[in-house]
Amino acid sequence: MFNSEKQFTTRASKISFEETFMNVDTPDVSFDPSIGYRFGYPQNWLANPSEKKMIGLRSLRVTPSSHRIELYLNIHDTPIPAEDNPIAVYDVIWSITANNNLEEMLHNLINIVQPYNGRDFKFSYSFDPTYGNLSMYVEETVIENEVPVIYKRRFYFYDPDNTNKTNIKSFLRFLNQQETTANINKLNQLDQLVGDNAIPKSFTGVWNRTDLFFHSSFSTTRRGLIGRNNDFWQTPSKKYFFRDATNDFYVSFSTDGVHKIFPYHCNFYLELTFILNYDKSLN
């Protein structure tokens, strides 16, 4: 005889229940990449006297932010311009979805920055996804004594909304950066010179918007690794014994399973199954 839906629900609720954790569920207001998000265990989980508790995984997901960005990339070659009189200006209009990765969009700048008024400009960047180090620069090839010489030119991004800097801030969010005054000025002001070359615009903690590993303090695996971004389990087949004396747990992220990074400005979802009696649940 089949159990009724009511009987099944009543019985199952004594064995396990599920919780979804998101960005808004954390009590923290600032984040350390080495620690990550801090969440509280469900109170009915902590209060249950069972000594046979387990934590099962259902899904791990961080969704990158979407943007529409309009900027001008202005290039200068004088040390201290008396006025804003760039030698080249390029329109940058980006529609960025959650499916667009970092290098895909930066590569678009290579296509945008082309020779201008007879001068050979080129946008370039270097990115180390392991450590999240990004440097952006504009190069100009100049023929001197019949020999091509490459100079790094000063440049900045001008925001049409120059009062609120909405596009600059959106660009920073795309680069996984916080909207600090220093970061805004880094994009919105000319770079310093070292000799005849400009210092590149560099950021750390940049996420490529694709590769991401999840770590948790409740995990018993090496480095606390629990899975990769977009992992999903139809049933909670990946489980961890509950042996924690604290009321909360931490979830952090890395680019390769080792080097920590924090994904700002993203939608974060962690679905867990809390098993109260794993003998009944597994048999």
# chains A, B, ... in the order shown; residues from 1 in each chain; ligands from 1
call {"tool": "closest_atom_pairs", "arguments": {"of": "range 18-81 of chain A", "to": "range 145-154 of chain A", "cutoff": "8 Å", "atoms": "only C-alpha atoms", "output": "CSV"}}
result
residue,atom,partner,partner_atom,distance
A:Ile75,CA,A:Arg154,CA,5.8
A:His76,CA,A:Arg154,CA,5.2
A:Asp77,CA,A:Arg153,CA,5.8
call {"tool": "residues_around", "arguments": {"residues": "Phe171 in chain A", "least_positions_apart": "6", "cutoff": "10 Å", "atoms": "only C-alpha atoms", "output": "list in words"}}
result
His67, Arg68, Ile69, Glu70, Leu71, Trp94, Phe157, Lys165, Gln177, Glu179, Ile184 and Leu187 of chain A
call {"tool": "residues_around", "arguments": {"residues": "Ile15 in chain A", "least_positions_apart": "6", "cutoff": "6 Å", "atoms": "only C-alpha atoms", "output": "NGL selection string"}}
result
:A and (275-277)
call {"tool": "select_by_dssp", "arguments": {"residues": "range 8-239 of chain A", "states": "strand (DSSP E or B)", "output": "PDB file with N, CA and C atoms, in the first residue's frame"}}
result
ATOM      1  N   SER A  16      15.319  14.704   7.169  1.00  0.00           N
ATOM      2  CA  SER A  16      16.128  15.748   6.555  1.00  0.00           C
ATOM      3  C   SER A  16      15.268  16.936   6.162  1.00  0.00           C
ATOM      4  N   PHE A  17      15.909  18.069   5.977  1.00  0.00           N
ATOM      5  CA  PHE A  17      15.246  19.246   5.420  1.00  0.00           C
ATOM      6  C   PHE A  17      16.296  20.057   4.670  1.00  0.00           C
ATOM      7  N   GLU A  18      15.815  20.931   3.804  1.00  0.00           N
ATOM      8  CA  GLU A  18      16.733  21.673   2.936  1.00  0.00           C
ATOM      9  C   GLU A  18      16.676  23.163   3.225  1.00  0.00           C
ATOM     10  N   GLU A  19      17.822  23.817   3.017  1.00  0.00           N
ATOM     11  CA  GLU A  19      17.939  25.255   3.196  1.00  0.00           C
ATOM     12  C   GLU A  19      18.723  25.834   2.015  1.00  0.00           C
ATOM     13  N   THR A  20      18.352  27.036   1.603  1.00  0.00           N
ATOM     14  CA  THR A  20      19.088  27.762   0.571  1.00  0.00           C
ATOM     15  C   THR A  20      19.728  28.994   1.194  1.00  0.00           C
ATOM     16  N   PHE A  21      21.012  29.179   0.960  1.00  0.00           N
ATOM     17  CA  PHE A  21      21.742  30.322   1.497  1.00  0.00           C
ATOM     18  C   PHE A  21      22.132  31.248   0.345  1.00  0.00           C
ATOM     19  N   MET A  22      21.982  32.559   0.566  1.00  0.00           N
ATOM     20  CA  MET A  22      22.299  33.555  -0.451  1.00  0.00           C
ATOM     21  C   MET A  22      23.140  34.663   0.170  1.00  0.00           C
ATOM     22  N   TYR A  37      32.027  33.943   3.001  1.00  0.00           N
ATOM     23  CA  TYR A  37      30.727  34.195   3.623  1.00  0.00           C
ATOM     24  C   TYR A  37      30.598  33.427   4.936  1.00  0.00           C
ATOM     25  N   ARG A  38      29.956  34.046   5.904  1.00  0.00           N
ATOM     26  CA  ARG A  38      29.633  33.363   7.164  1.00  0.00           C
ATOM     27  C   ARG A  38      28.121  33.218   7.264  1.00  0.00           C
ATOM     28  N   PHE A  39      27.670  31.986   7.527  1.00  0.00           N
ATOM     29  CA  PHE A  39      26.247  31.702   7.644  1.00  0.00           C
ATOM     30  C   PHE A  39      25.965  30.984   8.957  1.00  0.00           C
ATOM     31  N   GLY A  40      24.752  31.148   9.460  1.00  0.00           N
ATOM     32  CA  GLY A  40      24.324  30.423  10.642  1.00  0.00           C
ATOM     33  C   GLY A  40      23.627  29.132  10.268  1.00  0.00           C
ATOM     34  N   LYS A  52      23.469  11.808  14.881  1.00  0.00           N
ATOM     35  CA  LYS A  52      23.743  11.218  13.571  1.00  0.00           C
ATOM     36  C   LYS A  52      23.365  12.205  12.467  1.00  0.00           C
ATOM     37  N   MET A  54      24.181  14.795   9.281  1.00  0.00           N
ATOM     38  CA  MET A  54      25.037  14.978   8.122  1.00  0.00           C
ATOM     39  C   MET A  54      24.565  16.192   7.335  1.00  0.00           C
ATOM     40  N   ILE A  55      25.481  16.740   6.541  1.00  0.00           N
ATOM     41  CA  ILE A  55      25.171  17.862   5.664  1.00  0.00           C
ATOM     42  C   ILE A  55      25.374  17.396   4.226  1.00  0.00           C
ATOM     43  N   GLY A  56      24.332  17.463   3.409  1.00  0.00           N
ATOM     44  CA  GLY A  56      24.409  17.048   2.014  1.00  0.00           C
ATOM     45  C   GLY A  56      24.348  18.244   1.076  1.00  0.00           C
ATOM     46  N   LEU A  57      25.014  18.131  -0.055  1.00  0.00           N
ATOM     47  CA  LEU A  57      25.035  19.202  -1.045  1.00  0.00           C
ATOM     48  C   LEU A  57      23.958  18.976  -2.106  1.00  0.00           C
ATOM     49  N   ARG A  58      23.302  20.060  -2.495  1.00  0.00           N
ATOM     50  CA  ARG A  58      22.347  20.004  -3.593  1.00  0.00           C
ATOM     51  C   ARG A  58      22.830  20.814  -4.796  1.00  0.00           C
ATOM     52  N   SER A  59      23.270  22.052  -4.554  1.00  0.00           N
ATOM     53  CA  SER A  59      23.776  22.852  -5.676  1.00  0.00           C
ATOM     54  C   SER A  59      24.709  23.936  -5.175  1.00  0.00           C
ATOM     55  N   LEU A  60      25.685  24.293  -6.025  1.00  0.00           N
ATOM     56  CA  LEU A  60      26.646  25.360  -5.768  1.00  0.00           C
ATOM     57  C   LEU A  60      26.594  26.293  -6.977  1.00  0.00           C
ATOM     58  N   ARG A  61      26.343  27.562  -6.726  1.00  0.00           N
ATOM     59  CA  ARG A  61      26.212  28.439  -7.882  1.00  0.00           C
ATOM     60  C   ARG A  61      26.537  29.882  -7.540  1.00  0.00           C
ATOM     61  N   VAL A  62      27.392  30.497  -8.331  1.00  0.00           N
ATOM     62  CA  VAL A  62      27.632  31.939  -8.307  1.00  0.00           C
ATOM     63  C   VAL A  62      27.412  32.456  -9.721  1.00  0.00           C
ATOM     64  N   THR A  63      26.484  33.380  -9.867  1.00  0.00           N
ATOM     65  CA  THR A  63      26.152  33.922 -11.181  1.00  0.00           C
ATOM     66  C   THR A  63      26.749  35.313 -11.319  1.00  0.00           C
ATOM     67  N   HIS A  67      25.763  43.893 -17.061  1.00  0.00           N
ATOM     68  CA  HIS A  67      26.019  45.334 -17.138  1.00  0.00           C
ATOM     69  C   HIS A  67      25.729  45.866 -18.536  1.00  0.00           C
ATOM     70  N   ARG A  68      25.461  47.161 -18.583  1.00  0.00           N
ATOM     71  CA  ARG A  68      25.542  47.907 -19.840  1.00  0.00           C
ATOM     72  C   ARG A  68      26.422  49.111 -19.560  1.00  0.00           C
ATOM     73  N   ILE A  69      27.554  49.164 -20.223  1.00  0.00           N
ATOM     74  CA  ILE A  69      28.586  50.154 -19.918  1.00  0.00           C
ATOM     75  C   ILE A  69      28.858  51.004 -21.149  1.00  0.00           C
ATOM     76  N   GLU A  70      28.879  52.334 -20.956  1.00  0.00           N
ATOM     77  CA  GLU A  70      29.248  53.269 -22.015  1.00  0.00           C
ATOM     78  C   GLU A  70      30.386  54.142 -21.508  1.00  0.00           C
ATOM     79  N   LEU A  71      31.533  54.087 -22.194  1.00  0.00           N
ATOM     80  CA  LEU A  71      32.714  54.844 -21.794  1.00  0.00           C
ATOM     81  C   LEU A  71      33.425  55.370 -23.036  1.00  0.00           C
ATOM     82  N   TYR A  72      34.310  56.326 -22.800  1.00  0.00           N
ATOM     83  CA  TYR A  72      35.272  56.744 -23.821  1.00  0.00           C
ATOM     84  C   TYR A  72      36.662  56.413 -23.298  1.00  0.00           C
ATOM     85  N   LEU A  73      37.470  55.810 -24.156  1.00  0.00           N
ATOM     86  CA  LEU A  73      38.862  55.558 -23.801  1.00  0.00           C
ATOM     87  C   LEU A  73      39.703  56.660 -24.444  1.00  0.00           C
ATOM     88  N   ASN A  74      40.300  57.513 -23.609  1.00  0.00           N
ATOM     89  CA  ASN A  74      41.076  58.663 -24.073  1.00  0.00           C
ATOM     90  C   ASN A  74      42.569  58.401 -23.877  1.00  0.00           C
ATOM     91  N   ILE A  75      43.366  58.686 -24.906  1.00  0.00           N
ATOM     92  CA  ILE A  75      44.812  58.455 -24.851  1.00  0.00           C
ATOM     93  C   ILE A  75      45.546  59.785 -24.885  1.00  0.00           C
ATOM     94  N   HIS A  76      46.555  59.912 -24.028  1.00  0.00           N
ATOM     95  CA  HIS A  76      47.416  61.101 -23.980  1.00  0.00           C
ATOM     96  C   HIS A  76      48.868  60.666 -24.132  1.00  0.00           C
ATOM     97  N   ALA A  88      43.778  60.559 -29.001  1.00  0.00           N
ATOM     98  CA  ALA A  88      42.893  59.543 -29.580  1.00  0.00           C
ATOM     99  C   ALA A  88      41.744  59.290 -28.618  1.00  0.00           C
ATOM    100  N   VAL A  89      40.556  59.074 -29.185  1.00  0.00           N
ATOM    101  CA  VAL A  89      39.357  58.795 -28.384  1.00  0.00           C
ATOM    102  C   VAL A  89      38.602  57.636 -29.031  1.00  0.00           C
ATOM    103  N   TYR A  90      38.188  56.662 -28.213  1.00  0.00           N
ATOM    104  CA  TYR A  90      37.450  55.500 -28.719  1.00  0.00           C
ATOM    105  C   TYR A  90      36.178  55.310 -27.902  1.00  0.00           C
ATOM    106  N   ASP A  91      35.089  54.989 -28.593  1.00  0.00           N
ATOM    107  CA  ASP A  91      33.819  54.685 -27.936  1.00  0.00           C
ATOM    108  C   ASP A  91      33.836  53.235 -27.465  1.00  0.00           C
ATOM    109  N   VAL A  92      33.468  53.030 -26.206  1.00  0.00           N
ATOM    110  CA  VAL A  92      33.366  51.679 -25.648  1.00  0.00           C
ATOM    111  C   VAL A  92      31.930  51.489 -25.174  1.00  0.00           C
ATOM    112  N   ILE A  93      31.182  50.642 -25.840  1.00  0.00           N
ATOM    113  CA  ILE A  93      29.801  50.351 -25.447  1.00  0.00           C
ATOM    114  C   ILE A  93      29.686  48.842 -25.273  1.00  0.00           C
ATOM    115  N   TRP A  94      29.458  48.425 -24.046  1.00  0.00           N
ATOM    116  CA  TRP A  94      29.394  47.006 -23.727  1.00  0.00           C
ATOM    117  C   TRP A  94      28.013  46.631 -23.190  1.00  0.00           C
ATOM    118  N   SER A  95      27.450  45.552 -23.688  1.00  0.00           N
ATOM    119  CA  SER A  95      26.304  44.898 -23.059  1.00  0.00           C
ATOM    120  C   SER A  95      26.812  43.555 -22.559  1.00  0.00           C
ATOM    121  N   ILE A  96      26.948  43.441 -21.261  1.00  0.00           N
ATOM    122  CA  ILE A  96      27.590  42.278 -20.648  1.00  0.00           C
ATOM    123  C   ILE A  96      26.537  41.463 -19.910  1.00  0.00           C
ATOM    124  N   TYR A 116      44.961  55.433 -35.202  1.00  0.00           N
ATOM    125  CA  TYR A 116      44.129  56.636 -35.110  1.00  0.00           C
ATOM    126  C   TYR A 116      44.943  57.819 -35.633  1.00  0.00           C
ATOM    127  N   ARG A 119      48.513  57.200 -36.284  1.00  0.00           N
ATOM    128  CA  ARG A 119      49.333  56.692 -35.183  1.00  0.00           C
ATOM    129  C   ARG A 119      48.880  55.277 -34.842  1.00  0.00           C
ATOM    130  N   ASP A 120      49.844  54.437 -34.546  1.00  0.00           N
ATOM    131  CA  ASP A 120      49.594  52.993 -34.408  1.00  0.00           C
ATOM    132  C   ASP A 120      49.358  52.627 -32.941  1.00  0.00           C
ATOM    133  N   PHE A 121      48.090  52.721 -32.494  1.00  0.00           N
ATOM    134  CA  PHE A 121      47.727  52.392 -31.121  1.00  0.00           C
ATOM    135  C   PHE A 121      47.193  50.967 -31.031  1.00  0.00           C
ATOM    136  N   LYS A 122      47.351  50.376 -29.855  1.00  0.00           N
ATOM    137  CA  LYS A 122      46.850  49.019 -29.614  1.00  0.00           C
ATOM    138  C   LYS A 122      46.574  48.863 -28.124  1.00  0.00           C
ATOM    139  N   PHE A 123      45.391  48.371 -27.791  1.00  0.00           N
ATOM    140  CA  PHE A 123      45.076  48.042 -26.394  1.00  0.00           C
ATOM    141  C   PHE A 123      45.606  46.647 -26.080  1.00  0.00           C
ATOM    142  N   SER A 124      46.217  46.488 -24.908  1.00  0.00           N
ATOM    143  CA  SER A 124      46.739  45.192 -24.483  1.00  0.00           C
ATOM    144  C   SER A 124      46.419  44.978 -23.007  1.00  0.00           C
ATOM    145  N   TYR A 125      46.438  43.737 -22.609  1.00  0.00           N
ATOM    146  CA  TYR A 125      46.250  43.424 -21.199  1.00  0.00           C
ATOM    147  C   TYR A 125      46.965  42.116 -20.878  1.00  0.00           C
ATOM    148  N   SER A 126      47.241  41.940 -19.605  1.00  0.00           N
ATOM    149  CA  SER A 126      47.769  40.668 -19.110  1.00  0.00           C
ATOM    150  C   SER A 126      46.910  40.253 -17.929  1.00  0.00           C
ATOM    151  N   PHE A 127      46.587  38.975 -17.871  1.00  0.00           N
ATOM    152  CA  PHE A 127      45.702  38.483 -16.804  1.00  0.00           C
ATOM    153  C   PHE A 127      46.200  37.140 -16.314  1.00  0.00           C
ATOM    154  N   ASP A 128      46.345  37.020 -15.005  1.00  0.00           N
ATOM    155  CA  ASP A 128      46.719  35.769 -14.361  1.00  0.00           C
ATOM    156  C   ASP A 128      45.502  35.266 -13.590  1.00  0.00           C
ATOM    157  N   ASN A 133      45.263  38.708 -11.069  1.00  0.00           N
ATOM    158  CA  ASN A 133      45.987  39.945 -11.352  1.00  0.00           C
ATOM    159  C   ASN A 133      45.743  40.370 -12.796  1.00  0.00           C
ATOM    160  N   LEU A 134      45.245  41.606 -12.955  1.00  0.00           N
ATOM    161  CA  LEU A 134      44.951  42.144 -14.277  1.00  0.00           C
ATOM    162  C   LEU A 134      45.680  43.467 -14.467  1.00  0.00           C
ATOM    163  N   SER A 135      46.342  43.627 -15.611  1.00  0.00           N
ATOM    164  CA  SER A 135      46.970  44.894 -15.992  1.00  0.00           C
ATOM    165  C   SER A 135      46.491  45.265 -17.385  1.00  0.00           C
ATOM    166  N   MET A 136      46.097  46.540 -17.555  1.00  0.00           N
ATOM    167  CA  MET A 136      45.636  47.042 -18.847  1.00  0.00           C
ATOM    168  C   MET A 136      46.522  48.200 -19.276  1.00  0.00           C
ATOM    169  N   TYR A 137      46.866  48.231 -20.552  1.00  0.00           N
ATOM    170  CA  TYR A 137      47.715  49.311 -21.048  1.00  0.00           C
ATOM    171  C   TYR A 137      47.452  49.537 -22.530  1.00  0.00           C
ATOM    172  N   VAL A 138      47.835  50.722 -22.999  1.00  0.00           N
ATOM    173  CA  VAL A 138      47.731  51.078 -24.412  1.00  0.00           C
ATOM    174  C   VAL A 138      49.138  51.279 -24.955  1.00  0.00           C
ATOM    175  N   GLU A 139      49.436  50.593 -26.037  1.00  0.00           N
ATOM    176  CA  GLU A 139      50.759  50.679 -26.653  1.00  0.00           C
ATOM    177  C   GLU A 139      50.678  51.466 -27.961  1.00  0.00           C
ATOM    178  N   GLU A 140      51.764  52.168 -28.246  1.00  0.00           N
ATOM    179  CA  GLU A 140      51.911  52.816 -29.550  1.00  0.00           C
ATOM    180  C   GLU A 140      53.254  52.417 -30.140  1.00  0.00           C
ATOM    181  N   THR A 141      53.239  51.982 -31.373  1.00  0.00           N
ATOM    182  CA  THR A 141      54.475  51.647 -32.074  1.00  0.00           C
ATOM    183  C   THR A 141      54.940  52.866 -32.865  1.00  0.00           C
ATOM    184  N   VAL A 142      56.168  53.297 -32.570  1.00  0.00           N
ATOM    185  CA  VAL A 142      56.757  54.472 -33.213  1.00  0.00           C
ATOM    186  C   VAL A 142      58.041  54.044 -33.928  1.00  0.00           C
ATOM    187  N   ILE A 143      58.229  54.509 -35.163  1.00  0.00           N
ATOM    188  CA  ILE A 143      59.448  54.210 -35.911  1.00  0.00           C
ATOM    189  C   ILE A 143      60.493  55.266 -35.578  1.00  0.00           C
ATOM    190  N   GLU A 144      61.567  54.834 -34.944  1.00  0.00           N
ATOM    191  CA  GLU A 144      62.666  55.731 -34.595  1.00  0.00           C
ATOM    192  C   GLU A 144      63.950  55.201 -35.213  1.00  0.00           C
ATOM    193  N   VAL A 147      63.655  51.964 -36.797  1.00  0.00           N
ATOM    194  CA  VAL A 147      63.451  50.823 -35.901  1.00  0.00           C
ATOM    195  C   VAL A 147      62.133  51.021 -35.150  1.00  0.00           C
ATOM    196  N   PRO A 148      61.222  50.035 -35.164  1.00  0.00           N
ATOM    197  CA  PRO A 148      59.970  50.186 -34.404  1.00  0.00           C
ATOM    198  C   PRO A 148      60.214  50.124 -32.893  1.00  0.00           C
ATOM    199  N   VAL A 149      59.702  51.127 -32.191  1.00  0.00           N
ATOM    200  CA  VAL A 149      59.818  51.205 -30.732  1.00  0.00           C
ATOM    201  C   VAL A 149      58.412  51.272 -30.149  1.00  0.00           C
ATOM    202  N   ILE A 150      58.150  50.469 -29.114  1.00  0.00           N
ATOM    203  CA  ILE A 150      56.823  50.422 -28.497  1.00  0.00           C
ATOM    204  C   ILE A 150      56.824  51.217 -27.193  1.00  0.00           C
ATOM    205  N   TYR A 151      55.875  52.153 -27.075  1.00  0.00           N
ATOM    206  CA  TYR A 151      55.702  52.946 -25.862  1.00  0.00           C
ATOM    207  C   TYR A 151      54.340  52.620 -25.248  1.00  0.00           C
ATOM    208  N   LYS A 152      54.296  52.613 -23.930  1.00  0.00           N
ATOM    209  CA  LYS A 152      53.022  52.505 -23.220  1.00  0.00           C
ATOM    210  C   LYS A 152      52.507  53.915 -22.966  1.00  0.00           C
ATOM    211  N   ARG A 153      51.353  54.232 -23.535  1.00  0.00           N
ATOM    212  CA  ARG A 153      50.799  55.577 -23.447  1.00  0.00           C
ATOM    213  C   ARG A 153      49.835  55.713 -22.266  1.00  0.00           C
ATOM    214  N   ARG A 154      49.699  56.943 -21.808  1.00  0.00           N
ATOM    215  CA  ARG A 154      48.758  57.240 -20.721  1.00  0.00           C
ATOM    216  C   ARG A 154      47.331  57.218 -21.284  1.00  0.00           C
ATOM    217  N   PHE A 155      46.426  56.641 -20.522  1.00  0.00           N
ATOM    218  CA  PHE A 155      45.028  56.624 -20.962  1.00  0.00           C
ATOM    219  C   PHE A 155      44.116  56.597 -19.749  1.00  0.00           C
ATOM    220  N   TYR A 156      42.863  56.904 -19.984  1.00  0.00           N
ATOM    221  CA  TYR A 156      41.850  56.797 -18.931  1.00  0.00           C
ATOM    222  C   TYR A 156      40.494  56.588 -19.586  1.00  0.00           C
ATOM    223  N   PHE A 157      39.525  56.158 -18.774  1.00  0.00           N
ATOM    224  CA  PHE A 157      38.163  55.949 -19.244  1.00  0.00           C
ATOM    225  C   PHE A 157      37.306  57.128 -18.775  1.00  0.00           C
ATOM    226  N   TYR A 158      36.737  57.824 -19.741  1.00  0.00           N
ATOM    227  CA  TYR A 158      35.860  58.945 -19.408  1.00  0.00           C
ATOM    228  C   TYR A 158      34.418  58.462 -19.366  1.00  0.00           C
ATOM    229  N   LEU A 193      53.821  58.320 -15.143  1.00  0.00           N
ATOM    230  CA  LEU A 193      54.851  57.929 -16.091  1.00  0.00           C
ATOM    231  C   LEU A 193      56.105  57.450 -15.367  1.00  0.00           C
ATOM    232  N   VAL A 194      56.745  56.464 -15.942  1.00  0.00           N
ATOM    233  CA  VAL A 194      58.083  56.045 -15.534  1.00  0.00           C
ATOM    234  C   VAL A 194      58.948  56.171 -16.774  1.00  0.00           C
ATOM    235  N   ASN A 197      57.238  55.780 -20.400  1.00  0.00           N
ATOM    236  CA  ASN A 197      56.162  54.789 -20.418  1.00  0.00           C
ATOM    237  C   ASN A 197      55.216  54.980 -19.243  1.00  0.00           C
ATOM    238  N   ALA A 198      53.935  54.790 -19.532  1.00  0.00           N
ATOM    239  CA  ALA A 198      52.922  54.902 -18.491  1.00  0.00           C
ATOM    240  C   ALA A 198      52.841  53.616 -17.675  1.00  0.00           C
ATOM    241  N   LYS A 201      47.226  50.188 -15.752  1.00  0.00           N
ATOM    242  CA  LYS A 201      46.139  50.167 -14.768  1.00  0.00           C
ATOM    243  C   LYS A 201      46.005  48.729 -14.273  1.00  0.00           C
ATOM    244  N   SER A 202      46.314  48.501 -13.017  1.00  0.00           N
ATOM    245  CA  SER A 202      46.388  47.138 -12.491  1.00  0.00           C
ATOM    246  C   SER A 202      45.416  46.944 -11.333  1.00  0.00           C
ATOM    247  N   PHE A 203      44.825  45.737 -11.276  1.00  0.00           N
ATOM    248  CA  PHE A 203      43.905  45.356 -10.214  1.00  0.00           C
ATOM    249  C   PHE A 203      44.225  43.933  -9.763  1.00  0.00           C
ATOM    250  N   PHE A 213      36.009  27.533  -7.424  1.00  0.00           N
ATOM    251  CA  PHE A 213      35.899  26.386  -6.536  1.00  0.00           C
ATOM    252  C   PHE A 213      35.295  26.833  -5.204  1.00  0.00           C
ATOM    253  N   PHE A 214      34.467  25.968  -4.622  1.00  0.00           N
ATOM    254  CA  PHE A 214      33.819  26.245  -3.337  1.00  0.00           C
ATOM    255  C   PHE A 214      34.548  25.499  -2.220  1.00  0.00           C
ATOM    256  N   HIS A 215      34.739  26.183  -1.101  1.00  0.00           N
ATOM    257  CA  HIS A 215      35.320  25.584   0.101  1.00  0.00           C
ATOM    258  C   HIS A 215      34.397  25.893   1.271  1.00  0.00           C
ATOM    259  N   SER A 216      34.337  24.978   2.251  1.00  0.00           N
ATOM    260  CA  SER A 216      33.492  25.223   3.409  1.00  0.00           C
ATOM    261  C   SER A 216      34.136  24.692   4.678  1.00  0.00           C
ATOM    262  N   LEU A 225      37.495  21.644   0.334  1.00  0.00           N
ATOM    263  CA  LEU A 225      36.863  21.725  -0.980  1.00  0.00           C
ATOM    264  C   LEU A 225      35.559  20.928  -1.009  1.00  0.00           C
ATOM    265  N   ILE A 226      34.496  21.559  -1.528  1.00  0.00           N
ATOM    266  CA  ILE A 226      33.219  20.850  -1.641  1.00  0.00           C
ATOM    267  C   ILE A 226      32.740  20.742  -3.089  1.00  0.00           C
ATOM    268  N   GLY A 227      33.267  21.536  -4.016  1.00  0.00           N
ATOM    269  CA  GLY A 227      32.846  21.415  -5.406  1.00  0.00           C
ATOM    270  C   GLY A 227      33.215  22.626  -6.230  1.00  0.00           C
ATOM    271  N   ARG A 228      32.699  22.655  -7.451  1.00  0.00           N
ATOM    272  CA  ARG A 228      32.958  23.747  -8.375  1.00  0.00           C
ATOM    273  C   ARG A 228      31.662  24.476  -8.704  1.00  0.00           C
ATOM    274  N   PHE A 232      25.717  20.353  -9.347  1.00  0.00           N
ATOM    275  CA  PHE A 232      24.347  20.079  -8.915  1.00  0.00           C
ATOM    276  C   PHE A 232      24.195  18.590  -8.652  1.00  0.00           C
ATOM    277  N   LYS A 239      27.963  14.038   0.975  1.00  0.00           N
ATOM    278  CA  LYS A 239      27.578  14.376   2.348  1.00  0.00           C
ATOM    279  C   LYS A 239      28.809  14.518   3.244  1.00  0.00           C
TER     280      LYS A 239
END
call {"tool": "closest_residue", "arguments": {"among": "A:Asn99, A:Ile199, A:Lys238, A:Val258", "to": "Arg222 in chain A", "atoms": "only C-alpha atoms"}}
result
A:Val258
call {"tool": "closest_residue", "arguments": {"among": "A:Asn185, A:Thr210, A:Asn23, A:Asn247", "to": "Leu46 in chain A", "atoms": "only C-alpha atoms"}}
result
A:Asn247
call {"tool": "atom_distance", "arguments": {"atom1": "CA of Arg173 in chain A", "atom2": "CA of Cys266 in chain A"}}
result
9.0 Å
call {"tool": "atom_distance", "arguments": {"atom1": "CA of Val251 in chain A", "atom2": "CA of Glu103 in chain A"}}
result
26.3 Å
call {"tool": "residues_around", "arguments": {"residues": "Gly205 in chain A", "least_positions_apart": "6", "cutoff": "9 Å", "atoms": "only C-alpha atoms", "output": "PDB file with N, CA and C atoms, in the first residue's frame"}}
result
ATOM      1  N   PRO A  33      38.648  37.397   1.584  1.00  0.00           N
ATOM      2  CA  PRO A  33      38.660  36.254   0.660  1.00  0.00           C
ATOM      3  C   PRO A  33      39.103  34.949   1.315  1.00  0.00           C
ATOM      4  N   TYR A 131      45.859  34.092  -9.652  1.00  0.00           N
ATOM      5  CA  TYR A 131      45.924  35.102  -8.584  1.00  0.00           C
ATOM      6  C   TYR A 131      44.953  36.253  -8.814  1.00  0.00           C
ATOM      7  N   GLY A 132      44.312  36.306  -9.980  1.00  0.00           N
ATOM      8  CA  GLY A 132      43.378  37.383 -10.263  1.00  0.00           C
ATOM      9  C   GLY A 132      44.048  38.714 -10.506  1.00  0.00           C
ATOM     10  N   ASN A 133      45.263  38.708 -11.069  1.00  0.00           N
ATOM     11  CA  ASN A 133      45.987  39.945 -11.352  1.00  0.00           C
ATOM     12  C   ASN A 133      45.743  40.370 -12.796  1.00  0.00           C
ATOM     13  N   LEU A 134      45.245  41.606 -12.955  1.00  0.00           N
ATOM     14  CA  LEU A 134      44.951  42.144 -14.277  1.00  0.00           C
ATOM     15  C   LEU A 134      45.680  43.467 -14.467  1.00  0.00           C
ATOM     16  N   LEU A 175      34.884  44.024 -13.148  1.00  0.00           N
ATOM     17  CA  LEU A 175      36.234  43.573 -12.816  1.00  0.00           C
ATOM     18  C   LEU A 175      36.322  42.956 -11.416  1.00  0.00           C
ATOM     19  N   ASN A 176      35.177  42.777 -10.762  1.00  0.00           N
ATOM     20  CA  ASN A 176      35.138  42.192  -9.420  1.00  0.00           C
ATOM     21  C   ASN A 176      35.883  43.057  -8.400  1.00  0.00           C
ATOM     22  N   GLN A 177      35.700  44.379  -8.520  1.00  0.00           N
ATOM     23  CA  GLN A 177      36.354  45.325  -7.630  1.00  0.00           C
ATOM     24  C   GLN A 177      35.318  46.103  -6.826  1.00  0.00           C
ATOM     25  N   LYS A 260      42.702  31.828  -2.997  1.00  0.00           N
ATOM     26  CA  LYS A 260      41.395  32.363  -2.628  1.00  0.00           C
ATOM     27  C   LYS A 260      41.067  33.648  -3.381  1.00  0.00           C
ATOM     28  N   ILE A 261      39.788  33.792  -3.682  1.00  0.00           N
ATOM     29  CA  ILE A 261      39.270  34.992  -4.317  1.00  0.00           C
ATOM     30  C   ILE A 261      37.847  35.188  -3.804  1.00  0.00           C
ATOM     31  N   PHE A 262      37.373  36.441  -3.812  1.00  0.00           N
ATOM     32  CA  PHE A 262      36.003  36.672  -3.378  1.00  0.00           C
ATOM     33  C   PHE A 262      35.198  37.254  -4.529  1.00  0.00           C
ATOM     34  N   PRO A 263      34.094  36.609  -4.936  1.00  0.00           N
ATOM     35  CA  PRO A 263      33.276  37.119  -6.044  1.00  0.00           C
ATOM     36  C   PRO A 263      32.286  38.184  -5.568  1.00  0.00           C
TER      37      PRO A 263
END
call {"tool": "select_by_dssp", "arguments": {"residues": "range 73-201 of chain A", "states": "helix (DSSP H, G or I)", "output": "ChimeraX atom specification"}}
result
/A:102-112,166-174,181-188
call {"tool": "closest_residue", "arguments": {"among": "A:Asp25, A:Asp231, A:Asp211, A:Asp248", "to": "Tyr41 in chain A", "atoms": "only C-alpha atoms"}}
result
A:Asp248
call {"tool": "closest_residue", "arguments": {"among": "A:Tyr269, A:Phe174, A:Phe274, A:Tyr250", "to": "Arg209 in chain A", "atoms": "only C-alpha atoms"}}
result
A:Phe174
